[in-house]
Amino acid sequence: MLKYIGVKSIDELYSDIPEELLIDEGRWASLNIGFGRPLDEPEVHALVKELLSKNVTSKVPPFMGGGLWPHYVPAAVTEIVRRGEFLTAYTPYQAEISQGLLQALFEYQSMMADLLDMDVVNSSMYDWPSALGEAALMSVRIKGVKRVLVPETINPFHLRVLETYTRPQGIAVDKYKVDLSTGYADLEDLKAKAGQGASSVYLEYPYTFTGVVDVNARAIGEVAHDSKALYIVGVNPLALGLYKPPGELGADIAVGEGQPLGLGLYYGGSTLGILAVGWSSELVRQMPGRIIGLTTTKDGASRAFTMILQTREQHIRRSKATSNITTNAALNAIAAAVYLALLGPKGLKELAESIWYRSHYAALRLREAGFKAPALSGEFFEDLIVETPVSYEGLFRRLAAEGLYAGIPLAKYANWAKDSWGLLSFSELHTKEHIDILINSMKEVN
Amino acid sequence: MLKYIGVKSIDELYSDIPEELLIDEGRWASLNIGFGRPLDEPEVHALVKELLSKNVTSKVPPFMGGGLWPHYVPAAVTEIVRRGEFLTAYTPYQAEISQGLLQALFEYQSMMADLLDMDVVNSSMYDWPSALGEAALMSVRIKGVKRVLVPETINPFHLRVLETYTRPQGIAVDKYKVDLSTGYADLEDLKAKAGQGASSVYLEYPYTFTGVVDVNARAIGEVAHDSKALYIVGVNPLALGLYKPPGELGADIAVGEGQPLGLGLYYGGSTLGILAVGWSSELVRQMPGRIIGLTTTKDGASRAFTMILQTREQHIRRSKATSNITTNAALNAIAAAVYLALLGPKGLKELAESIWYRSHYAALRLREAGFKAPALSGEFFEDLIVETPVSYEGLFRRLAAEGLYAGIPLAKYANWAKDSWGLLSFSELHTKEHIDILINSMKEVN
Amino acid sequence: MTFRQAAWDEPLIYELSEGRRGLTFNGMNRRFKEILGDVRVPEELRRSSEPQLPELSEVEVVRHFTRLSESSYGVDNGPVPLGSCTMKYNPKEALRVAFDESLQLLHPLIPDEYVQGLLEALYRLQEWLASITGMDICTLAPAAGAQGEFSGVAIIHRYHELKGQRQLKTEIIVPDSAHGTNPASAAMGGFKVVEIPTAEDGNMDYEAFRAALSERTAGLMLTNPSTLGLFEQHIFDIAKDVHSVDGLLYYDGANLNGILGRARPGDMGFDIAHLNIHKTFSSPHGGGGPGAGPVCVKDRPVKDGITLRDLLPGPIIVYDEGSKLYRVSWPGSNSAGLIRFGIGNVPQLLWAFVYIASLGPQGLREVGEVSVINTNYFIARLLRETKGYSVPYGPERPRKHEAVISAEPLLNETGISAEDVAKALLDRGFYAPTIYFPLIVKEALMVELTESETKENIDRYVDALKEIEEMARRDPDLLRRAPTNTSVGRVDTVKANHPRFVTPTYRVARLRQQGKQLILR
Amino acid sequence: MTFRQAAWDEPLIYELSEGRRGLTFNGMNRRFKEILGDVRVPEELRRSSEPQLPELSEVEVVRHFTRLSESSYGVDNGPVPLGSCTMKYNPKEALRVAFDESLQLLHPLIPDEYVQGLLEALYRLQEWLASITGMDICTLAPAAGAQGEFSGVAIIHRYHELKGQRQLKTEIIVPDSAHGTNPASAAMGGFKVVEIPTAEDGNMDYEAFRAALSERTAGLMLTNPSTLGLFEQHIFDIAKDVHSVDGLLYYDGANLNGILGRARPGDMGFDIAHLNIHKTFSSPHGGGGPGAGPVCVKDRPVKDGITLRDLLPGPIIVYDEGSKLYRVSWPGSNSAGLIRFGIGNVPQLLWAFVYIASLGPQGLREVGEVSVINTNYFIARLLRETKGYSVPYGPERPRKHEAVISAEPLLNETGISAEDVAKALLDRGFYAPTIYFPLIVKEALMVELTESETKENIDRYVDALKEIEEMARRDPDLLRRAPTNTSVGRVDTVKANHPRFVTPTYRVARLRQQGKQLILR
Ligand SMILES: Cc1ncc(COP(=O)(O)O)c(C=O)c1O
Ligand SMILES: Cc1ncc(COP(=O)(O)O)c(C=O)c1O
């Protein structure tokens, strides 16, 4: 091939690179890259198995949630997303040869829309916090006020990400108060702050770091709208099998985390940012991210799918785009679509109930064991705060050493939390025995 | 639907079954079937994980071979055979809609033919021993003498299966001697026995229960042919990366075990029977099993594949068929095809060398450690017999308790083996460290 | 539904070969090479030339087989209503368990105490299968139904051998509706096969059976429900009769799906039965295997304290109360021998374990019921709405899991054959029924919908058959050109089997190209 | 190669809905229900009606998505030579590791000491990426290249903020050949974007750049090699110039494949760089993600002992000699913030770990070399054998991993556009190149073959382009009707975006059907 190209050696193909920059083979091979030589596949396989076996996975599924949750990954989901035609495809720029991929993503958007009770869903963001960041920027583009309001008990990681997204543009992120006895938002405080002007008011639903489902969810939206702010609701989609969806709450924008929908935890590395809006031209035009739409072939003969409203995106609009996002979490969106299709409305309800039962059973047993649970008296779903007589972090560490991951020691991450508070999370993965083991161990270690 | 059918209840659809036979719902539900109630998928998943975790898998790959061997399963093989279009297909009776499956099986047959140096390969048998049984029956159909000859050191499991296949038809399975100092066949004894008449002479190549590769392999075939018997050679296909293939040895029929070709062990539950013959009308017409052939479409426009020579098979010839086999190991044949395509001739040779290196390194270290290894002085490939000063079974059990599966205590299965003999097997899965650990532990425990 | 199968016009993998590598083992040999030098193999044993395998990189291998797979069709693609095959859905969770990586390095001779998890699962399965069939004890060893049959025949052989009457017992009775494997298995066991015709009502012709029965009768092989989907109504009499001449009754369990949860072979008088894990218990057919064919027996006496269980030619798993361990018990000297090295096709067996555990007894019974309803609904619609298809043999009787319809009326009227119908179904995105089997039905279309198909799919399937019938009248030539939506059009099977053309391997094509005459006589 | 894609005419999953269930959780709730009774949710929070999701059994779901997948096309199907995307082969062993089931239950807040295996792998990867780029330290956190860019822009912002010069530093310079994400990211960081034209020789117009450079310059974003596949020859001068006004240089690593093992951004003067794991390091694109976009910096001083590493908006993994533990170090108060909850897209990162471990430094260098040879061979053949395509901007210069060709000559001669060419390529079983990008090339066809394509595939690809050129002369209308071998013909994008038709969800279609006016203004 070199001969055909007309060069004597491969080096000629790098001749336009300044001499001083070029790295010779020997120097390159001496750098800390891989294991110094190519490894055969069986070697790599053995090496990685050995490495991963150093992780201490517990026989009892972790009781850790708080925004990313341990849930069951159905086998059918895994099998579908492993299919090379989906897995190894690029963004479907050529619609004609990618109809299956486009339809799958359209179906994700559609099912998510029905779950959220919203009209327009994009085909994915990276994760919940970045979706929140983008939603906030979007609200500022629309409303023009460089201020957004978030609840005091917002997930602290989400808060930091939100600040990272907003800070360079000089947007203030201010908090409205939450009553720490019930876990519900302080509507008066919110009203006062919203009255001072904000582009959007945000609610976490349920609050990921308290577990509470805010009864004021509708009222918060009304306050937002009264103050000419947009209402952004962030959700754990599984809660929507039981609780009112963002659409019913009056949300303008819904964001959330698709990770519980059959993706697994992967140390927080397998996420799916949800972003949806109601049918408003302004909202849709200002949305970030890719959207797949239904259409027909040019000859009108058959239904077809294609990417739509691309003029919002960076590859067309460049610095005027609604976001810089391009690669997103498409395959995870397909996984979520398969997951939602497997469950259907009934399965989703059963699963939500499954979760509700476990957290409420745990609360009962925790109280019987002498703990305060839930420490915040409001409605709760998957996570709940338990209050212990001791520092939770110590208790947590002792249990971890026994192979029980007993939630999240809240004070470590959230300044509003008591040192004695732990956030426990329960899912369909936990049997009654698992929960009993947890609580018995908590009693003993306490 | 019942209404449309015109019955009042489903029971009517069973009305032709004698009353006394019918089982009512209650009685059925009380039987020992499953766990007494339907389990949800997450329940089953947890249950099975729990169960499988009770198996004690060693960090060091087992040193156990003897006819089924631990080998690396390439990821690409797994991914291909999991594809639903292959996995969930039936026997390709409708060629037009199953071209891909047919071509894949044709390619298996073709690659296996080139590996074996034989002309015709069927699209699979269950496993090596049943392929051997069928080959023996085939030889008797062709030659008419109700006797077959096998080496004394034949795999004892294979021997029992062979006897099971031949005994109902009154066929004698006689053994020719093997020199237990070298592991090579006793040609004089074979000549004498073959002279008394036999339909076939069988050789294991390498002998799975001694590890020896018989230098007389060609000569044995000559003896067989001189006595008007067919020559059947049974192979570990991986050995053929280094050693002469059955075709070069003059084999009329080759059988063998495809399990090492990327199938994994699965407690002996993932096998692939190889069966091949040279180009002889008689042999081909008497072959058992399915064969895929190349042809064209009727209009001659394109290449196509279909099942051929079906008049040999049970669904056409019934009691006159060459075998009763129908379901075989097709998917495993596809796995083997993918495996062989990944390796190619170079990879196969490297792998065979990889195995050779390990067994020979082990022999060296075993001798240094004071053991007799190999106990049989002949050429060896993957397995070798080690002779220890103690009963091997005791040593084996002590090592197993330490998590080292140190081969097979031969005397437990083979009456010609000394109590102090163990059959160790080495593969590309074993690193130098693994082998050193084994030998050090053998020294200590000894 | 319109449908067009992918067609990649994919070359043979040999033609793609480009001197590349998909998998290497070089680095791994380095350290050994340093110690041992080059590999040494005696000249007389050294392979003289490399095998002519293709040489490709991993990406090319993956692409090749991915493309090929898109020209294949399984239950994951759509309905595969092949009769006699029970092509039900293969649940993905069972797939995940069956091929669990932790099993890849489990050797069959690892001592029992280290494989307790697997043995427990298989022990349970073994017991469940006994309960489901009403038999006493099963071995999981046989690799497929046919090997199960052969095992059964070997048991029959051994039974008579142990009783010293093998010389006398030379015949096995098989109805003419039986699957080809039955007579073939009987013949492999050295028995003469006596075929009994099928009566008009679909039962085995009882009079003919009585006439054939004699002291030479070693046993009878029966599929119940039969391949016609009909329950054998004389079963009690037949059992009594066979036993009266000291014959054994063998149950071909391929059709168990039809009576699952409603009736059991063990209660009908059968002595031996095989099951097809890849039919009734949802392990996939894999394009032709592997499956699994456990064999169960009633534990009746043979002689001198020997009972039928002692004759099983495969291991059984026992639970040892003393050590609290599951143990593998290998067949002893009274057995019919041994059928394999290992305990059975483990992935397929685990698949069945997951399936039964998931469904429980209730679910399994529902499986049987839904498959029976589906079949009878299908027949009802077909007969009501078409004229080209008939249902021979006891047309008024309810079918079980499957039905054999005849396209003879259609052939007579339009010249369109069962094969044409089958090809036309392919064009409509359905896999075709089994055709021309059982042999006793002319222009047979053997349809088994299983419980996995929805009413909507059955309706679509009947609609397709109707449409084909109409087209047969309107434009039969169009049908004769079917299929056109599959990867290729009709395949030339005559050429495929022609003595001068028959090409079972690429090697044969290569040799012919090199001028070698390879003719099959 | 002829090629015909599968076409199942698959209904929307809603249209398949038949009131069935794929996954249940009923049995699991039994025991809890006994204790707690029914689930109680306050009225004001209870969902008022079930979501209108489809209801299907597992088999129907699996079939639906299996069929859909066959109307999709990835690297596993054939060449996907999209420029700017590095669609290389995604090795299957990496897939197996990346989605290892043991990681499914690892929560990101599990204490470090319990995830040492994973942290060790990621730590190594982090160090390897630093070596490969010549940078000092990386965070693996960003989820994709664009988030990496935004992280970089946030670092630039924070740098100037910490130095008290944010008010002044309002502009980021970007060449006009840059990917759209660069200006978009700069804008998200609140900066004004200054675009610099590309010179005839394919370098950034150095004079224009000098003219644009000022004390307002906060930084420069550069892709090198550029999207034209050309190495920026003034890079040393540019770096010096940007640093002279205290701006930071950002390296867009999407094109690293082209210089892998030969040159490193860290040696060129860049301060910040992102990598695309899903481009250079072989994790799959998954139809649009997830990917991973680690960001690395040179650890240069900012002020008061603060160095650039302190500004990284994501965790880094450190090895603690004392405890012999790998630890996650979260960004502190000087940082640009935090970009995610968790350490990064773990499966994709593990994929890169396996890829780099498999190839070693030697293999990685070869990756770069082969991709460069492939590109230049492609150009050489194309230019030698066709007339319809040209290579604008420094046509004599060697390309790196990709090339932008222009179909302008073809358009002028025959009226056939780049889009027509793309659609015609689809018909021949190839995925099309990126078209109409970069914007500075008319009728752009941006081709990146990567190291994964064989010479044979490149030849076939050139042959296809030749054939298309010939057909453009002979029968352009035929080409305008392309594609015909894909699942559907040309898609109506005008209708798709029409204010009264635009349909982003099934819900919108449903509402319109119910008479609701949904118009997008
Ligand atoms: C009635 C009947 N008996 C026996 C068999 C043979 O079973 P297997 O294919 O598992 O060997 C079949 C399979 O098609 C069958 O339908
Ligand atoms: C040059 C260049 N920069 C940036 C990006 C954006 O990267 P990502 O898609 O990972 O967000 C791309 C991706 O196409 C690219 O080609």
# chains A, B, ... in the order shown; residues from 1 in each chain; ligands from 1
>>> residues_around(residues="stretch 333-350 of chain C", least_positions_apart="4", cutoff="8 Å", atoms="only C-alpha atoms", output="ChimeraX atom specification")
/B:127,129-130,157-158,160-161,163-164,266-271 /C:94,97-99,108,121-122,125,140-143,151,154-155,157-158,162,277-278,283,290-292,306,310-315,354
>>> select_by_dssp(residues="stretch 155-274 of chain B", states="alpha helix (DSSP H)", output="number ranges by chain")
B: 156-166, 187-195, 217-226, 246-249
>>> write_last_selection(atoms="N, CA, C and O atoms", output="compact mmCIF listing (two decimals), in the first residue's frame")
# COMPACT_ATOMS: atom_id res chain seq x y z
N PRO B 156 -11.84 -44.85 29.10
CA PRO B 156 -12.79 -45.83 29.63
C PRO B 156 -14.25 -45.40 29.49
O PRO B 156 -15.14 -46.25 29.37
N PHE B 157 -14.49 -44.11 29.49
CA PHE B 157 -15.88 -43.65 29.27
C PHE B 157 -16.28 -43.89 27.83
O PHE B 157 -17.38 -44.35 27.54
N HIS B 158 -15.38 -43.58 26.92
CA HIS B 158 -15.66 -43.82 25.51
C HIS B 158 -15.91 -45.31 25.28
O HIS B 158 -16.81 -45.69 24.53
N LEU B 159 -15.11 -46.12 25.93
CA LEU B 159 -15.26 -47.56 25.77
C LEU B 159 -16.66 -48.01 26.19
O LEU B 159 -17.34 -48.76 25.49
N ARG B 160 -17.10 -47.52 27.34
CA ARG B 160 -18.43 -47.94 27.82
C ARG B 160 -19.53 -47.48 26.85
O ARG B 160 -20.49 -48.21 26.61
N VAL B 161 -19.39 -46.28 26.33
CA VAL B 161 -20.40 -45.81 25.38
C VAL B 161 -20.36 -46.66 24.11
O VAL B 161 -21.40 -47.08 23.59
N LEU B 162 -19.16 -46.93 23.65
CA LEU B 162 -19.01 -47.76 22.45
C LEU B 162 -19.70 -49.11 22.68
O LEU B 162 -20.43 -49.62 21.81
N GLU B 163 -19.48 -49.68 23.83
CA GLU B 163 -20.11 -50.97 24.14
C GLU B 163 -21.64 -50.85 24.17
O GLU B 163 -22.35 -51.74 23.74
N THR B 164 -22.10 -49.74 24.70
CA THR B 164 -23.55 -49.53 24.75
C THR B 164 -24.14 -49.48 23.35
O THR B 164 -25.22 -50.01 23.09
N TYR B 165 -23.40 -48.84 22.44
CA TYR B 165 -23.88 -48.73 21.07
C TYR B 165 -23.80 -50.06 20.32
O TYR B 165 -24.62 -50.32 19.44
N THR B 166 -22.82 -50.87 20.63
CA THR B 166 -22.58 -52.07 19.81
C THR B 166 -23.23 -53.33 20.38
O THR B 166 -23.63 -54.22 19.64
N LEU B 187 2.03 -53.38 17.93
CA LEU B 187 1.62 -53.67 16.56
C LEU B 187 1.47 -55.17 16.30
O LEU B 187 0.60 -55.60 15.54
N GLU B 188 2.32 -55.95 16.96
CA GLU B 188 2.24 -57.39 16.74
C GLU B 188 0.91 -57.93 17.25
O GLU B 188 0.22 -58.70 16.59
N ASP B 189 0.57 -57.48 18.45
CA ASP B 189 -0.70 -57.93 19.02
C ASP B 189 -1.87 -57.50 18.13
O ASP B 189 -2.79 -58.26 17.87
N LEU B 190 -1.79 -56.27 17.65
CA LEU B 190 -2.84 -55.77 16.78
C LEU B 190 -2.95 -56.62 15.52
O LEU B 190 -4.04 -57.02 15.11
N LYS B 191 -1.79 -56.90 14.91
CA LYS B 191 -1.78 -57.70 13.68
C LYS B 191 -2.48 -59.03 13.92
O LYS B 191 -3.33 -59.46 13.13
N ALA B 192 -2.10 -59.66 15.02
CA ALA B 192 -2.67 -60.97 15.31
C ALA B 192 -4.19 -60.87 15.45
O ALA B 192 -4.95 -61.64 14.85
N LYS B 193 -4.65 -59.88 16.19
CA LYS B 193 -6.09 -59.76 16.45
C LYS B 193 -6.85 -59.33 15.19
O LYS B 193 -7.93 -59.85 14.89
N ALA B 194 -6.26 -58.42 14.46
CA ALA B 194 -6.92 -57.96 13.24
C ALA B 194 -7.00 -59.10 12.24
O ALA B 194 -7.98 -59.23 11.49
N GLY B 195 -5.98 -59.93 12.26
CA GLY B 195 -5.98 -61.07 11.35
C GLY B 195 -7.17 -61.99 11.58
O GLY B 195 -7.66 -62.66 10.65
N ALA B 217 0.86 -44.42 14.51
CA ALA B 217 -0.48 -44.06 14.00
C ALA B 217 -0.68 -44.48 12.54
O ALA B 217 -1.73 -45.01 12.19
N ARG B 218 0.32 -44.26 11.71
CA ARG B 218 0.17 -44.67 10.30
C ARG B 218 0.20 -46.19 10.18
O ARG B 218 -0.60 -46.78 9.44
N ALA B 219 1.11 -46.78 10.91
CA ALA B 219 1.27 -48.23 10.83
C ALA B 219 0.00 -48.96 11.26
O ALA B 219 -0.39 -49.97 10.67
N ILE B 220 -0.65 -48.44 12.26
CA ILE B 220 -1.89 -49.07 12.73
C ILE B 220 -2.92 -49.08 11.60
O ILE B 220 -3.60 -50.08 11.36
N GLY B 221 -2.97 -47.97 10.88
CA GLY B 221 -3.89 -47.90 9.74
C GLY B 221 -3.53 -48.94 8.68
O GLY B 221 -4.42 -49.56 8.08
N GLU B 222 -2.24 -49.12 8.48
CA GLU B 222 -1.83 -50.11 7.48
C GLU B 222 -2.25 -51.51 7.89
O GLU B 222 -2.74 -52.30 7.08
N VAL B 223 -2.06 -51.80 9.17
CA VAL B 223 -2.50 -53.11 9.67
C VAL B 223 -3.99 -53.28 9.44
O VAL B 223 -4.47 -54.31 8.95
N ALA B 224 -4.74 -52.25 9.77
CA ALA B 224 -6.19 -52.32 9.59
C ALA B 224 -6.52 -52.62 8.13
O ALA B 224 -7.27 -53.55 7.83
N HIS B 225 -5.94 -51.86 7.25
CA HIS B 225 -6.26 -52.04 5.83
C HIS B 225 -5.80 -53.39 5.30
O HIS B 225 -6.49 -54.02 4.50
N ASP B 226 -4.66 -53.85 5.79
CA ASP B 226 -4.19 -55.18 5.39
C ASP B 226 -5.18 -56.25 5.79
O ASP B 226 -5.32 -57.28 5.12
N PRO B 246 -5.81 -37.05 10.66
CA PRO B 246 -6.28 -38.39 10.31
C PRO B 246 -6.11 -38.71 8.83
O PRO B 246 -5.74 -39.84 8.49
N GLY B 247 -6.38 -37.71 7.97
CA GLY B 247 -6.22 -37.96 6.54
C GLY B 247 -4.81 -38.42 6.21
O GLY B 247 -4.61 -39.39 5.48
N GLU B 248 -3.82 -37.76 6.76
CA GLU B 248 -2.43 -38.14 6.51
C GLU B 248 -2.10 -39.51 7.11
O GLU B 248 -1.15 -40.17 6.69
N LEU B 249 -2.86 -39.89 8.12
CA LEU B 249 -2.61 -41.18 8.77
C LEU B 249 -3.29 -42.33 8.05
O LEU B 249 -3.13 -43.48 8.41
>>> residues_around(residues="D:Val174", least_positions_apart="6", cutoff="10 Å", atoms="only C-alpha atoms", output="list in words")
Asn182, Pro183, Ala186, Val193, Val194, Glu195, Ile196, Pro197, Met204, Phe209, Gly219, Leu220, Met221, Leu222, Thr223 and Tyr250 of chain D
>>> write_last_selection(atoms="N, CA, C and O atoms", output="PDB file, in the first residue's frame")
ATOM      1  N   ASN D 182     -17.274  22.327  19.434  1.00  0.00           N
ATOM      2  CA  ASN D 182     -16.312  23.284  19.993  1.00  0.00           C
ATOM      3  C   ASN D 182     -16.930  24.663  20.211  1.00  0.00           C
ATOM      4  O   ASN D 182     -16.932  25.153  21.345  1.00  0.00           O
ATOM      5  N   PRO D 183     -17.455  25.287  19.182  1.00  0.00           N
ATOM      6  CA  PRO D 183     -18.103  26.580  19.444  1.00  0.00           C
ATOM      7  C   PRO D 183     -19.270  26.455  20.426  1.00  0.00           C
ATOM      8  O   PRO D 183     -19.472  27.345  21.265  1.00  0.00           O
ATOM      9  N   ALA D 186     -17.862  26.310  23.922  1.00  0.00           N
ATOM     10  CA  ALA D 186     -17.353  27.615  24.327  1.00  0.00           C
ATOM     11  C   ALA D 186     -18.508  28.530  24.728  1.00  0.00           C
ATOM     12  O   ALA D 186     -18.457  29.226  25.742  1.00  0.00           O
ATOM     13  N   VAL D 193     -17.419  33.302  20.726  1.00  0.00           N
ATOM     14  CA  VAL D 193     -16.616  32.449  19.869  1.00  0.00           C
ATOM     15  C   VAL D 193     -16.065  33.262  18.696  1.00  0.00           C
ATOM     16  O   VAL D 193     -16.800  33.951  18.015  1.00  0.00           O
ATOM     17  N   VAL D 194     -14.758  33.190  18.512  1.00  0.00           N
ATOM     18  CA  VAL D 194     -14.124  33.884  17.392  1.00  0.00           C
ATOM     19  C   VAL D 194     -13.659  32.827  16.400  1.00  0.00           C
ATOM     20  O   VAL D 194     -12.817  31.992  16.726  1.00  0.00           O
ATOM     21  N   GLU D 195     -14.240  32.830  15.218  1.00  0.00           N
ATOM     22  CA  GLU D 195     -13.898  31.803  14.245  1.00  0.00           C
ATOM     23  C   GLU D 195     -12.789  32.241  13.309  1.00  0.00           C
ATOM     24  O   GLU D 195     -12.799  33.362  12.787  1.00  0.00           O
ATOM     25  N   ILE D 196     -11.846  31.362  13.085  1.00  0.00           N
ATOM     26  CA  ILE D 196     -10.699  31.657  12.219  1.00  0.00           C
ATOM     27  C   ILE D 196     -10.827  30.803  10.956  1.00  0.00           C
ATOM     28  O   ILE D 196     -11.057  29.596  11.054  1.00  0.00           O
ATOM     29  N   PRO D 197     -10.668  31.414   9.789  1.00  0.00           N
ATOM     30  CA  PRO D 197     -10.784  30.629   8.560  1.00  0.00           C
ATOM     31  C   PRO D 197      -9.607  29.678   8.375  1.00  0.00           C
ATOM     32  O   PRO D 197      -8.575  29.805   9.017  1.00  0.00           O
ATOM     33  N   MET D 204      -4.853  26.283   9.973  1.00  0.00           N
ATOM     34  CA  MET D 204      -5.614  27.454  10.370  1.00  0.00           C
ATOM     35  C   MET D 204      -4.898  28.674   9.789  1.00  0.00           C
ATOM     36  O   MET D 204      -3.664  28.735   9.784  1.00  0.00           O
ATOM     37  N   PHE D 209      -5.488  34.321  12.589  1.00  0.00           N
ATOM     38  CA  PHE D 209      -5.434  33.951  14.000  1.00  0.00           C
ATOM     39  C   PHE D 209      -4.717  35.025  14.812  1.00  0.00           C
ATOM     40  O   PHE D 209      -5.201  35.478  15.852  1.00  0.00           O
ATOM     41  N   GLY D 219      -8.876  31.504  25.555  1.00  0.00           N
ATOM     42  CA  GLY D 219      -8.279  30.238  25.154  1.00  0.00           C
ATOM     43  C   GLY D 219      -8.539  29.957  23.701  1.00  0.00           C
ATOM     44  O   GLY D 219      -9.188  30.727  22.990  1.00  0.00           O
ATOM     45  N   LEU D 220      -7.991  28.819  23.271  1.00  0.00           N
ATOM     46  CA  LEU D 220      -8.159  28.380  21.892  1.00  0.00           C
ATOM     47  C   LEU D 220      -8.535  26.908  21.930  1.00  0.00           C
ATOM     48  O   LEU D 220      -7.997  26.146  22.732  1.00  0.00           O
ATOM     49  N   MET D 221      -9.464  26.524  21.070  1.00  0.00           N
ATOM     50  CA  MET D 221      -9.811  25.100  20.967  1.00  0.00           C
ATOM     51  C   MET D 221      -9.373  24.607  19.599  1.00  0.00           C
ATOM     52  O   MET D 221      -9.736  25.194  18.585  1.00  0.00           O
ATOM     53  N   LEU D 222      -8.609  23.551  19.610  1.00  0.00           N
ATOM     54  CA  LEU D 222      -8.050  23.083  18.343  1.00  0.00           C
ATOM     55  C   LEU D 222      -8.136  21.560  18.260  1.00  0.00           C
ATOM     56  O   LEU D 222      -7.919  20.853  19.252  1.00  0.00           O
ATOM     57  N   THR D 223      -8.436  21.090  17.064  1.00  0.00           N
ATOM     58  CA  THR D 223      -8.455  19.658  16.807  1.00  0.00           C
ATOM     59  C   THR D 223      -7.247  19.384  15.930  1.00  0.00           C
ATOM     60  O   THR D 223      -7.100  20.014  14.888  1.00  0.00           O
ATOM     61  N   TYR D 250      -6.811  24.322  24.322  1.00  0.00           N
ATOM     62  CA  TYR D 250      -7.630  23.126  24.516  1.00  0.00           C
ATOM     63  C   TYR D 250      -7.489  22.207  23.318  1.00  0.00           C
ATOM     64  O   TYR D 250      -7.638  22.638  22.167  1.00  0.00           O
TER      65      TYR D 250
END
>>> atom_distance(atom1="atom CA of C:Ile132", atom2="atom CA of C:Leu106")
28.9 Å
>>> residues_around(residues="A:Ile316", least_positions_apart="3", cutoff="12 Å", atoms="only C-alpha atoms", output="tab-separated table (two decimals) with C-alpha atoms, in the first residue's frame")
chain	number	residue	atom	x	y	z
A	309	LEU	CA	-35.45	19.62	14.67
A	310	GLN	CA	-31.73	19.39	14.07
A	311	THR	CA	-31.41	23.11	13.70
A	312	ARG	CA	-31.25	23.25	17.50
A	313	GLU	CA	-28.09	21.15	17.49
A	319	SER	CA	-22.21	28.41	18.92
A	320	LYS	CA	-25.94	29.22	18.77
A	321	ALA	CA	-26.99	25.64	19.47
A	322	THR	CA	-29.23	24.81	22.42
A	323	SER	CA	-26.46	22.57	23.76
A	324	ASN	CA	-23.13	21.09	22.79
A	326	THR	CA	-24.08	14.98	20.50
D	179	HIS	CA	-16.55	20.34	14.96
D	180	GLY	CA	-19.78	22.03	16.01
D	181	THR	CA	-19.30	20.95	19.59
D	183	PRO	CA	-18.10	26.58	19.44
D	184	ALA	CA	-21.15	25.20	21.25
D	436	TYR	CA	-21.63	18.26	4.27
D	437	PHE	CA	-19.12	18.51	7.10
D	438	PRO	CA	-16.79	20.23	7.67
D	439	LEU	CA	-18.83	23.13	6.40
>>> residues_near_ligand(ligand="ligand 2", cutoff="10 Å", atoms="only C-alpha atoms and all ligand atoms", output="VMD selection string")
(chain A and resid 90 to 91 314 to 315 324 to 328) or (chain D and resid 82 to 86 142 to 150 177 to 182 185 222 to 228 251 to 256 274 to 279 285 288 to 294 438)
